[in-house]
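Student: This is coords_37.txt, which holds compact mmCIF, C-alpha atoms:
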# COMPACT_ATOMS: atom_id res chain seq x y z
CA MET A 3 36.15 75.64 -52.58
CA LEU A 4 33.43 74.78 -55.08
CA LYS A 5 35.08 77.03 -57.68
CA ASN A 6 38.29 75.02 -57.39
CA LYS A 7 36.33 71.79 -57.64
CA MET A 8 34.66 73.00 -60.82
CA LEU A 9 38.05 73.81 -62.33
CA GLU A 10 39.12 70.23 -61.55
CA TYR A 11 35.86 68.95 -62.97
CA LYS A 12 36.25 70.83 -66.29
CA LYS A 13 39.77 69.51 -66.75
CA SER A 14 38.40 65.97 -66.58
CA GLU A 15 36.40 66.03 -69.83
CA TYR A 16 33.26 64.81 -68.08
CA LYS A 17 29.98 65.54 -69.78
CA SER A 18 28.08 68.58 -68.55
CA ILE A 19 24.79 68.12 -66.72
CA ASN A 20 22.55 71.05 -65.82
CA LYS A 21 20.62 69.62 -62.87
CA LYS A 22 20.21 70.34 -59.17
CA VAL A 23 19.96 67.76 -56.41
CA CYS A 24 18.81 68.17 -52.79
CA SER A 25 20.19 66.51 -49.67
CA ASN A 26 17.07 64.30 -49.36
CA CYS A 27 18.04 62.49 -52.57
CA VAL A 28 21.54 61.75 -51.29
CA GLY A 29 21.59 58.84 -48.84
CA GLU A 30 25.32 58.74 -48.07
CA ARG A 31 25.65 60.89 -44.97
CA TYR A 32 28.92 62.65 -45.79
CA LEU A 33 27.75 63.53 -49.28
CA LYS A 34 24.43 64.64 -47.76
CA GLN A 35 26.30 66.94 -45.39
CA PHE A 36 28.34 68.22 -48.33
CA VAL A 37 25.09 69.26 -50.04
CA ILE A 38 23.81 70.96 -46.88
CA ASP A 39 27.08 72.80 -46.24
CA ASN A 40 27.56 74.03 -49.81
CA GLY A 41 24.07 74.33 -51.27
CA LYS A 42 21.32 76.92 -51.33
CA CYS A 43 17.55 76.76 -51.58
CA ASP A 44 16.46 75.64 -55.05
CA LYS A 45 14.15 73.17 -56.78
CA CYS A 46 15.46 69.60 -56.87
CA ASP A 47 15.33 68.01 -60.32
CA TYR A 48 14.87 64.54 -58.80
CA CYS A 49 12.15 64.87 -56.16
CA GLY A 50 10.73 68.25 -57.16
CA SER A 51 10.92 69.72 -53.66
CA ASP A 52 12.26 73.14 -52.73
CA GLU A 53 15.21 72.27 -50.52
CA ILE A 54 18.91 72.98 -50.05
CA CYS A 55 20.42 71.92 -53.40
CA ILE A 56 23.73 71.88 -55.23
CA SER A 57 24.49 71.22 -58.87
CA VAL A 58 24.93 67.58 -59.81
CA GLU A 59 28.31 68.57 -61.26
CA ASP A 60 29.47 69.71 -57.81
CA LEU A 61 28.25 66.44 -56.30
CA ILE A 62 30.03 64.40 -58.97
CA SER A 63 33.24 66.30 -58.29
CA GLU A 64 33.00 65.35 -54.61
CA ILE A 65 32.21 61.72 -55.46
CA ILE A 66 35.17 61.50 -57.82
CA SER A 67 37.40 62.92 -55.08
CA GLY A 68 36.34 60.04 -52.84
CA ILE A 69 36.69 57.41 -55.55
CA GLU A 70 40.19 58.61 -56.39
CA TYR A 71 41.27 58.09 -52.78
CA GLU A 72 41.27 54.33 -53.42
CA TYR A 73 40.97 53.99 -57.21
CA ASP A 74 42.74 55.35 -60.25
CA ARG A 75 42.37 55.34 -64.02
CA ALA A 76 44.14 52.34 -65.48
CA VAL A 77 45.58 54.42 -68.31
CA ASP A 78 47.65 56.38 -65.77
CA THR A 79 49.06 53.48 -63.76
CA MET A 80 48.82 50.10 -65.53
CA SER A 81 50.73 48.30 -68.25
CA TRP A 82 49.09 47.60 -71.60
CA ASP A 83 49.80 44.44 -73.56
CA HIS A 84 48.03 42.78 -76.49
CA GLY A 85 45.04 45.07 -76.30
CA GLU A 86 44.36 44.94 -72.56
CA TYR A 87 45.57 46.13 -69.18
CA VAL A 88 47.63 43.48 -67.42
CA GLY A 89 48.72 42.58 -63.92
CA ALA A 90 45.79 43.78 -61.80
CA LYS A 91 41.99 43.79 -61.67
CA THR A 92 40.10 46.51 -63.53
CA TRP A 93 36.52 47.80 -63.67
CA ASP A 94 34.71 49.90 -66.21
CA THR A 95 32.83 52.93 -64.87
CA TYR A 96 29.49 51.09 -64.75
CA ASN A 97 30.84 48.17 -62.71
CA LEU A 98 32.82 50.47 -60.44
CA ILE A 99 29.79 52.59 -59.55
CA TYR A 100 27.03 49.99 -59.52
CA ASP A 101 28.88 46.89 -58.29
CA LYS A 102 32.12 47.79 -56.53
CA LEU A 103 30.84 50.98 -54.87
CA GLY A 104 27.11 50.32 -54.88
CA CYS A 105 26.78 49.99 -51.10
CA GLU A 106 28.85 53.16 -50.57
CA LEU A 107 26.68 55.28 -52.88
CA PRO A 108 23.08 55.06 -51.62
CA LEU A 109 21.62 57.63 -54.01
CA GLU A 110 18.27 58.14 -55.70
CA ASP A 111 18.07 55.81 -58.77
CA ASP A 112 17.77 58.53 -61.42
CA LEU A 113 20.60 60.44 -59.77
CA ILE A 114 23.02 57.50 -59.80
CA LYS A 115 22.08 56.89 -63.44
CA ASP A 116 22.87 60.52 -64.30
CA ILE A 117 26.19 60.31 -62.45
CA TYR A 118 27.18 57.19 -64.37
CA GLU A 119 26.19 58.71 -67.72
CA THR A 120 28.06 61.94 -66.94
CA ILE A 121 31.37 60.34 -65.97
CA ASP A 122 33.46 59.14 -68.91
CA ASP A 123 33.40 55.38 -69.44
CA ASP A 124 36.95 54.88 -68.17
CA THR A 125 38.74 51.73 -67.06
CA TRP A 126 39.55 51.90 -63.35
CA CYS A 127 41.92 50.04 -61.04
CA GLU A 128 42.93 50.24 -57.40
CA ARG A 129 45.50 52.89 -56.54
CA ASP A 130 49.00 51.45 -56.78
CA PRO A 131 47.56 48.44 -58.63
CA TYR A 132 50.78 46.43 -58.48
CA GLN A 133 51.02 46.65 -54.69
CA LEU A 134 48.88 44.93 -52.08
CA ARG A 135 46.35 47.00 -50.20
CA GLU A 136 47.43 47.78 -46.65
CA SER A 137 44.83 45.48 -45.07
CA ILE A 138 45.80 42.56 -47.31
CA ASP A 139 49.54 43.16 -46.93
CA LYS A 140 49.33 43.24 -43.13
CA ALA A 141 47.01 40.22 -43.04
CA LEU A 142 49.60 38.24 -45.02
CA LEU A 143 52.34 39.56 -42.73
CA TRP A 144 50.31 38.39 -39.73
CA ASP A 145 49.77 34.96 -41.31
CA ASP A 146 53.52 34.66 -41.92
CA PHE A 147 54.22 35.68 -38.32
CA CYS A 148 51.73 33.13 -36.96
CA GLU A 149 53.23 30.36 -39.06
CA MET A 150 56.73 31.29 -37.90
CA VAL A 151 55.99 31.32 -34.15
CA LYS A 152 53.89 28.15 -34.32
CA THR A 153 56.24 26.01 -36.40
CA LYS A 154 59.72 27.58 -36.64
CA THR A 155 60.84 29.85 -33.80
CA ARG A 156 59.04 31.06 -30.71
CA TYR A 157 61.53 32.83 -28.48
CA VAL A 158 64.10 34.65 -30.64
CA PHE A 159 61.99 35.68 -33.62
CA PHE A 160 62.95 39.34 -33.09
CA ARG A 161 66.55 38.44 -34.01
CA MET A 162 65.67 36.37 -37.05
CA PRO A 163 67.18 37.71 -40.29
CA LYS A 164 64.72 38.67 -43.00
CA LYS A 165 64.96 36.07 -45.75
CA ASP A 166 61.95 36.91 -47.92
CA GLU A 167 63.35 38.89 -50.83
CA TYR A 168 59.83 39.79 -51.96
CA ARG A 169 58.82 41.46 -48.70
CA GLU A 170 60.23 44.77 -47.53
CA GLU A 171 59.74 44.17 -43.80
CA ALA A 172 60.24 41.33 -41.35
CA ASN A 173 56.99 39.62 -40.43
CA PHE A 174 57.38 40.32 -36.69
CA ASN A 175 57.09 44.04 -37.50
CA VAL A 176 53.36 43.37 -37.66
CA LEU A 177 53.38 43.69 -33.85
CA ASP A 178 54.47 47.32 -34.05
CA TYR A 179 51.90 47.92 -36.80
CA ILE A 180 49.18 46.50 -34.53
CA GLY A 181 50.33 48.70 -31.65
CA LYS A 182 50.39 51.81 -33.82
CA LYS A 183 46.88 51.18 -35.15
CA VAL A 184 45.50 50.41 -31.67
CA THR A 185 46.49 53.98 -30.82
CA GLU A 186 45.16 55.51 -34.05
CA LEU A 187 41.84 53.66 -33.83
CA ASN A 188 41.62 54.41 -30.10
CA LEU A 189 41.11 50.76 -29.14
CA ILE A 190 41.75 51.72 -25.53
CA THR A 191 39.38 51.65 -22.56
CA SER A 192 39.82 53.18 -19.12
CA ILE A 193 38.27 51.00 -16.40
CA PRO A 194 37.40 52.99 -13.26
CA GLU A 195 38.37 51.85 -9.80
CA ASN A 196 35.94 49.39 -8.14
CA THR A 197 34.71 47.84 -11.39
CA THR A 198 33.58 44.24 -10.87
CA PHE A 199 35.19 41.33 -12.72
CA PHE A 200 33.77 37.84 -12.27
CA ARG A 201 36.11 34.88 -12.07
CA GLY A 202 35.05 31.26 -11.61
CA ARG A 203 36.37 27.80 -10.92
CA MET A 204 34.76 24.42 -11.71
CA HIS A 205 34.89 21.76 -9.00
CA SER A 206 33.23 18.76 -7.37
CA SER A 207 30.40 19.19 -4.87
CA SER A 208 32.63 18.48 -1.87
CA MET A 209 34.87 21.53 -2.38
CA VAL A 210 34.20 24.81 -0.60
CA LEU A 211 35.89 27.78 -2.28
CA ASP A 212 35.50 30.96 -0.26
CA GLU A 213 38.98 32.51 -0.20
CA ALA A 214 40.77 34.72 -2.70
CA LYS A 215 43.71 32.32 -2.86
CA ASN A 216 41.41 29.61 -4.27
CA LEU A 217 39.60 31.79 -6.81
CA CYS A 218 42.12 34.35 -8.07
CA SER A 219 44.89 34.03 -10.66
CA PRO A 220 46.75 30.74 -10.13
CA PRO A 221 50.27 30.58 -8.68
CA SER A 222 52.84 30.44 -11.47
CA HIS A 223 53.58 26.75 -10.92
CA CYS A 224 49.88 25.98 -11.48
CA ALA A 225 49.29 28.33 -14.42
CA LYS A 226 48.33 26.43 -17.55
CA SER A 227 48.45 27.59 -21.16
CA ASN A 228 45.49 29.80 -21.98
CA ARG A 229 44.30 32.23 -24.65
CA MET A 230 46.53 35.14 -23.63
CA SER A 231 49.21 33.46 -21.51
CA ALA A 232 51.67 30.60 -21.87
CA GLU A 233 52.10 27.83 -19.30
CA GLY A 234 53.73 29.11 -16.12
CA ILE A 235 52.61 32.71 -16.66
CA SER A 236 49.91 33.77 -14.21
CA ILE A 237 47.36 36.37 -15.27
CA PHE A 238 43.77 37.07 -14.21
CA TYR A 239 41.03 35.83 -16.54
CA GLY A 240 37.67 37.36 -15.71
CA ALA A 241 34.36 38.30 -17.30
CA ASN A 242 31.73 41.02 -17.14
CA ASP A 243 29.02 38.72 -15.75
CA VAL A 244 28.49 35.36 -14.06
CA LYS A 245 27.11 33.60 -17.13
CA THR A 246 30.15 34.49 -19.24
CA ALA A 247 32.55 33.53 -16.45
CA ILE A 248 31.03 30.04 -16.22
CA ALA A 249 30.71 29.60 -19.97
CA GLU A 250 34.42 30.34 -20.35
CA ILE A 251 35.54 27.81 -17.70
CA TYR A 252 32.95 25.09 -18.33
CA ASN A 253 34.31 21.56 -18.00
CA SER A 254 31.92 18.63 -18.32
CA GLN A 255 33.96 16.65 -15.76
CA TYR A 256 32.63 18.89 -12.98
CA LYS A 257 29.07 19.75 -11.96
CA TYR A 258 29.66 22.87 -9.89
CA ALA A 259 31.14 26.31 -10.44
CA THR A 260 32.01 28.86 -7.79
CA VAL A 261 32.16 32.43 -9.04
CA ALA A 262 33.63 35.37 -7.14
CA PRO A 263 33.52 39.09 -7.88
CA PHE A 264 36.84 40.94 -7.82
CA VAL A 265 37.23 44.72 -7.94
CA ASN A 266 40.21 46.71 -9.17
CA LEU A 267 41.94 48.99 -6.66
CA ARG A 268 42.93 51.63 -9.20
CA ASN A 269 41.99 52.88 -12.64
CA LEU A 270 43.05 50.40 -15.36
CA ILE A 271 44.04 51.00 -18.98
CA LEU A 272 43.10 48.15 -21.33
CA VAL A 273 43.48 47.39 -25.01
CA ASP A 274 39.80 46.93 -25.92
CA LEU A 275 39.22 44.61 -28.86
CA THR A 276 35.45 44.78 -28.28
CA LYS A 277 35.58 48.26 -29.80
CA VAL A 278 36.57 46.89 -33.21
CA GLU A 279 33.07 45.71 -34.08
CA ASP A 280 31.53 48.90 -32.66
CA ILE A 281 33.48 51.26 -34.90
CA GLU A 282 31.48 52.44 -37.89
CA PHE A 283 33.45 51.57 -41.01
CA PRO A 284 34.63 54.93 -42.41
CA SER A 285 32.98 56.22 -45.55
CA LEU A 286 35.06 56.64 -48.67
CA PHE A 287 33.80 60.24 -48.63
CA ASP A 288 34.74 60.99 -45.01
CA LYS A 289 37.93 62.96 -45.56
CA GLU A 290 38.90 62.89 -41.89
CA LYS A 291 38.52 59.16 -41.18
CA ARG A 292 38.84 57.34 -44.50
CA LYS A 293 42.57 56.96 -43.88
CA TYR A 294 41.60 54.34 -41.26
CA ARG A 295 39.63 52.12 -43.66
CA GLN A 296 42.46 49.72 -44.39
CA ALA A 297 43.62 49.44 -40.78
CA LEU A 298 40.09 48.76 -39.55
CA ASP A 299 39.57 46.13 -42.24
CA PHE A 300 42.73 44.40 -40.98
CA PHE A 301 41.63 44.64 -37.32
CA ILE A 302 38.23 43.12 -38.06
CA LYS A 303 40.01 40.01 -39.38
CA LEU A 304 42.63 40.06 -36.60
CA ASN A 305 39.95 40.31 -33.91
CA GLU A 306 38.16 37.27 -35.33
CA ASN A 307 41.46 35.38 -35.35
CA LEU A 308 42.40 36.26 -31.77
CA THR A 309 38.99 35.48 -30.26
CA GLN A 310 38.04 32.33 -32.16
CA PRO A 311 37.01 29.37 -29.99
CA ILE A 312 39.78 26.81 -29.46
CA GLU A 313 38.86 23.75 -27.43
CA ASN A 314 42.37 22.45 -26.73
CA MET A 315 44.02 24.82 -24.26
CA VAL A 316 47.50 23.53 -25.12
CA SER A 317 46.96 24.10 -28.82
CA ILE A 318 49.69 25.96 -30.68
CA GLU A 319 46.89 28.08 -32.15
CA TYR A 320 47.04 30.21 -28.98
CA ILE A 321 50.71 31.12 -29.43
CA PRO A 322 50.22 34.25 -31.61
CA ALA A 323 47.61 35.64 -29.17
CA GLN A 324 49.97 34.94 -26.26
CA ILE A 325 52.72 36.89 -28.01
CA ILE A 326 50.34 39.76 -28.76
CA ALA A 327 49.41 39.86 -25.07
CA GLU A 328 53.06 40.02 -24.01
CA TYR A 329 53.70 42.75 -26.58
CA PHE A 330 50.92 44.86 -25.04
CA ARG A 331 52.08 44.01 -21.53
CA TYR A 332 55.77 44.79 -21.85
CA ILE A 333 56.41 46.86 -24.97
CA TYR A 334 53.37 48.88 -26.03
CA CYS A 335 52.46 52.07 -24.17
CA TYR A 336 49.47 54.35 -24.62
CA ASN A 337 50.51 57.97 -24.16
CA GLY A 338 53.40 56.76 -22.03
CA ILE A 339 51.17 54.58 -19.84
CA SER A 340 51.61 50.81 -19.56
CA ILE A 341 48.70 48.52 -20.42
CA ASP A 342 46.98 46.52 -17.66
CA GLY A 343 45.20 43.96 -19.82
CA ILE A 344 43.05 43.16 -22.83
CA ALA A 345 39.25 43.11 -23.21
CA TYR A 346 37.68 40.91 -25.90
CA ARG A 347 34.39 39.25 -26.82
CA SER A 348 33.68 35.86 -25.32
CA SER A 349 33.84 32.97 -27.77
CA LYS A 350 31.55 30.92 -25.48
CA ASN A 351 28.75 33.36 -24.61
CA SER A 352 27.36 35.76 -27.19
CA GLY A 353 27.48 39.32 -25.88
CA GLY A 354 29.80 38.45 -23.01
CA ILE A 355 33.08 40.29 -22.47
CA CYS A 356 36.27 38.63 -21.23
CA TYR A 357 39.21 40.31 -19.56
CA SER A 358 42.81 39.16 -19.47
CA LEU A 359 44.33 41.34 -16.77
CA PHE A 360 48.08 41.25 -16.29
CA PHE A 361 47.88 40.50 -12.56
CA ASN A 362 49.35 37.35 -11.04
CA TYR A 363 48.47 35.35 -7.93
CA GLU A 364 50.15 37.71 -5.44
CA GLN A 365 48.51 40.78 -6.99
CA CYS A 366 45.06 39.38 -6.14
CA LEU A 367 45.82 38.91 -2.43
CA GLU A 368 46.12 41.33 0.45
CA VAL A 369 49.72 42.28 1.04
CA ASP A 370 51.20 40.62 4.11
CA ARG A 371 53.28 43.40 5.64
CA ASP A 372 55.16 40.88 7.76
CA LYS A 373 56.51 39.21 4.65
CA ARG A 374 58.59 40.65 1.88
CA CYS A 375 56.24 41.11 -1.08
CA LYS A 376 57.41 42.16 -4.51
CA GLU A 377 53.95 43.05 -5.83
CA GLU A 378 51.26 45.50 -4.81
CA GLN A 379 47.69 44.25 -4.58
CA GLU A 380 45.72 45.17 -7.73
CA LEU A 381 42.47 43.20 -7.35
CA LYS A 382 40.39 42.53 -4.25
CA ILE A 383 37.83 39.76 -3.80
CA ASP A 384 34.33 40.65 -2.61
CA LYS A 385 33.56 37.64 -0.41
CA SER A 386 29.94 38.66 0.04
CA GLY A 387 29.36 38.07 -3.67
CA ILE A 388 30.78 34.52 -3.87
CA ASN A 389 28.20 32.04 -5.14
CA THR A 390 28.28 28.37 -6.12
CA TYR A 391 26.18 27.13 -9.04
CA ALA A 392 25.11 23.71 -10.20
CA VAL A 393 25.97 23.57 -13.87
CA SER A 394 24.47 21.51 -16.68
CA VAL A 395 25.25 21.33 -20.34
CA ASP A 396 22.57 23.50 -21.79
CA VAL A 397 23.20 26.86 -19.83
CA SER A 398 20.65 28.87 -17.73
CA PHE A 399 20.85 29.34 -14.01
CA SER A 400 19.85 29.88 -10.38
CA GLN A 401 21.89 31.15 -7.44
CA SER A 402 23.73 29.28 -4.65
CA TYR A 403 22.96 25.95 -6.08
CA ASN A 404 20.50 27.87 -8.24
CA ARG A 405 21.12 26.40 -11.65
CA LEU A 406 23.27 27.78 -14.42
CA PHE A 407 22.67 25.84 -17.61
CA ILE A 408 25.41 26.22 -20.18
Spit out the file's structure as structure tokens when you get a sec.
Tutor:
Amino acid sequence: MLKNKMLEYKKSEYKSINKKVCSNCVGERYLKQFVIDNGKCDKCDYCGSDEICISVEDLISEIISGIEYEYDRAVDTMSWDHGEYVGAKTWDTYNLIYDKLGCELPLEDDLIKDIYETIDDDTWCERDPYQLRESIDKALLWDDFCEMVKTKTRYVFFRMPKKDEYREEANFNVLDYIGKKVTELNLITSIPENTTFFRGRMHSSSMVLDEAKNLCSPPSHCAKSNRMSAEGISIFYGANDVKTAIAEIYNSQYKYATVAPFVNLRNLILVDLTKVEDIEFPSLFDKEKRKYRQALDFFIKLNENLTQPIENMVSIEYIPAQIIAEYFRYIYCYNGISIDGIAYRSSKNSGGICYSLFFNYEQCLEVDRDKRCKEEQELKIDKSGINTYAVSVDVSFSQSYNRLFI
């Protein structure tokens, strides 16, 4: 492998450098592992220790391989006019290594200096410089889609003809892109049976709420517009703890909140947007996962967009998220399995997790065998865990009229 790399290296007209470097002087973990996997015991020219080392030329060859995954030499891909490259941003070798890629190349100072001085002082550009990067292209497609469903068409967008001559795909295709990348990035969570979800309701002091029918998903005729559901569509909004449940429903018109635990009666499969911020952004030098860099960059922005706080529940800003939810509910499948809901970070309580489960009013109640029921029960209330809290505006709490201050 290294022999082939050296052949590539010699073709490149880079300057020769007769030095060895050990893994301790290489901070980037994939390049460090490359040194360990391909080196042998020798004296490091940078720290002086006897460690596993490889030649700096071999290391440079691996670094260039990573750089060329996202960047190219301008001379090979860009137009030249009046003494300069035109139509896209460029970097010289110094700015590419020190500025653009500085955070991705945590190397010993003398080593990074040698690498810069060894590589020819080329002019670099992004690969395919006259096309948008995947993350930017899909972000613009998402923006176009949001604008369309908020201000132009909301119900038949999938039949709208494509009118943008500059764009190759219709903007609603971003939904299929999102679904595909949810699978590739494994943004899926399996929730075991008997997991607890907390759901609350604000009310006046005179109300006693101790039945599932008063605390579960609302009947369709009472269902209001919410983050992941349009008016008239009943789904279950819950949280991972009491504090988050109350923070999400807080209404200054009421002083009390009753919160009930519900448990799921079977294993659930959820799209888990909380995973987005937990995924380590792939290294440019990670040959297995770097193909996900652009998709993850897009999902970081999408996740922020979908979970941003919106005070007005009837705001049209919720419409794109509502459509995404219906896409996951009715169209998307994970390995042939339908999705039961979406998990996402709370916008009201830092660290809290919210759940939009695709279960309506009837699916939260025990099935009455004497009546014809179209739906099986999916969630069951735990009446022993129902508590009422006095709530004030600055959030901390006590139980059963213990205080929860939000």
Student: Could you please determine the separation between CA of Ile235 in chain A and CA of Asn266 in chain A in Å, to one decimal place?
Tutor: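 Value for the CA of Ile235 in chain A-CA of Asn266 in chain A distance: 20.1 Å.
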Student: Pick the closest to Met80 in chain A from A:Ile56, A:Leu142, A:Leu98, A:Cys127: which is it, counting all atoms listed in the file?
Tutor: A:Cys127
Student: Just want the 10 Å neighbourhood of Ser207 in chain A, counted on only C-alpha atoms, with same-chain residues fewer than 4 positions away dropped. Output as an MDAnalysis selection string.
Tutor: chainID A and resid 256:259 390:392
Student: For a quick check of understanding, using all atoms listed in the file, which of A:Glu313, A:Glu149, A:Asp123, A:Asp274 has the smallest distance to Arg229 in chain A?
Tutor: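 Of all the options, A:Glu313 lies closest to Arg229 in chain A.
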Student: One decimal, in Å: what's the spacing between CA of Lys42 in chain A and CA of Ile54 in chain A?
Tutor: 4.8 Å
Student: Find the residues near Lys226 in chain A: any atom within 12 Å, counting all atoms listed in the file, skip ones fewer than 2 places away on the same chain, and give them as a list in words.
Tutor: Ser219, Pro220, Pro221, Ser222, His223, Cys224, Asn228, Arg229, Met230, Ser231, Ala232, Glu233, Gly234, Ile235, Ser236, Ile237, Tyr239, Asn314, Met315, Val316 and Ser317 of chain A
Student: Just checking: using only C-alpha atoms, which residue out of A:Phe36, A:Tyr252, A:Phe264, A:Tyr336 ends up closest to Ile62 in chain A?
Tutor: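 Using only C-alpha atoms, Ile62 in chain A sits closest to A:Phe36.
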Student: Interatomic distance between CA of Cys49 in chain A and CA of Asn20 in chain A?
Tutor: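 About the pair CA of Cys49 in chain A and CA of Asn20 in chain A: they are 15.5 Å apart.
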Student: May I have the residues within 12 Å of Asn97 in chain A as a list in words, using all atoms listed in the file and disregarding those fewer than 4 positions away in the same chain?
Tutor: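 Near Asn97 in chain A, the qualifying residues are Thr92, Trp93, Asp101, Lys102, Leu103, Gly104, Tyr118, Asp123, Asp124, Thr125, Trp126 and Cys127 of chain A.
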Student: I'd like to know which of A:Gly181, A:Gln379, A:Asp52, A:Pro263 is closest to Asp212 in chain A, using only C-alpha atoms.
Tutor: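 Among the listed residues, A:Pro263 lies closest to Asp212 in chain A.
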Student: For the point (38.5, 58.8, -43.1) in file coordinates, what residues are within 12 Å, counting all atoms listed in the file? Give the answer as an mmCIF file with C-alpha atoms, in the coordinates of the input?
Tutor:
data_model
loop_
_atom_site.group_PDB
_atom_site.id
_atom_site.type_symbol
_atom_site.label_atom_id
_atom_site.label_comp_id
_atom_site.auth_asym_id
_atom_site.auth_seq_id
_atom_site.Cartn_x
_atom_site.Cartn_y
_atom_site.Cartn_z
ATOM 1 C CA TYR A 32 28.920 62.650 -45.790
ATOM 2 C CA GLY A 68 36.340 60.040 -52.840
ATOM 3 C CA TYR A 71 41.270 58.090 -52.780
ATOM 4 C CA GLU A 72 41.270 54.330 -53.420
ATOM 5 C CA GLU A 186 45.160 55.510 -34.050
ATOM 6 C CA LEU A 187 41.840 53.660 -33.830
ATOM 7 C CA GLU A 282 31.480 52.440 -37.890
ATOM 8 C CA PHE A 283 33.450 51.570 -41.010
ATOM 9 C CA PRO A 284 34.630 54.930 -42.410
ATOM 10 C CA SER A 285 32.980 56.220 -45.550
ATOM 11 C CA LEU A 286 35.060 56.640 -48.670
ATOM 12 C CA PHE A 287 33.800 60.240 -48.630
ATOM 13 C CA ASP A 288 34.740 60.990 -45.010
ATOM 14 C CA LYS A 289 37.930 62.960 -45.560
ATOM 15 C CA GLU A 290 38.900 62.890 -41.890
ATOM 16 C CA LYS A 291 38.520 59.160 -41.180
ATOM 17 C CA ARG A 292 38.840 57.340 -44.500
ATOM 18 C CA LYS A 293 42.570 56.960 -43.880
ATOM 19 C CA TYR A 294 41.600 54.340 -41.260
ATOM 20 C CA ARG A 295 39.630 52.120 -43.660
ATOM 21 C CA GLN A 296 42.460 49.720 -44.390
ATOM 22 C CA ALA A 297 43.620 49.440 -40.780
ATOM 23 C CA LEU A 298 40.090 48.760 -39.550
#
Student: Would you pick out the contacts of Asn269 in chain A at 6 Å or less, using all atoms listed in the file, so that residues sharing its chain but fewer than 3 positions from it are not included, and give the list as number ranges by chain?
Tutor: A: 193-195
Student: Around (22.1, 52.3, -46.0), as given in the file, which residues come within 12 Å? Count only C-alpha atoms and list them as a count of residues only.
Tutor: 12
Student: Pick out the closest residue to Lys215 in chain A from this set: A:Ala90, A:Ile248, A:Ile383, A:Ile339. Count all atoms listed in the file.
Tutor: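 Counting all atoms listed in the file, the residue closest to Lys215 in chain A is A:Ile383.
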Student: List the neighbours of Lys140 in chain A out to 10 Å using only C-alpha atoms; skip same-chain residues closer than 3 positions along the sequence, and give me the result as an MDAnalysis selection string.
Tutor: chainID A and resid 134:137 143:146 173 175:176 179:180 296:297 300:301 304
Student: From the options A:Phe174, A:Phe330, A:Tyr87, A:Trp82, which residue's atoms come nearest to Val273 in chain A, counting all atoms listed in the file?
Tutor: A:Phe330
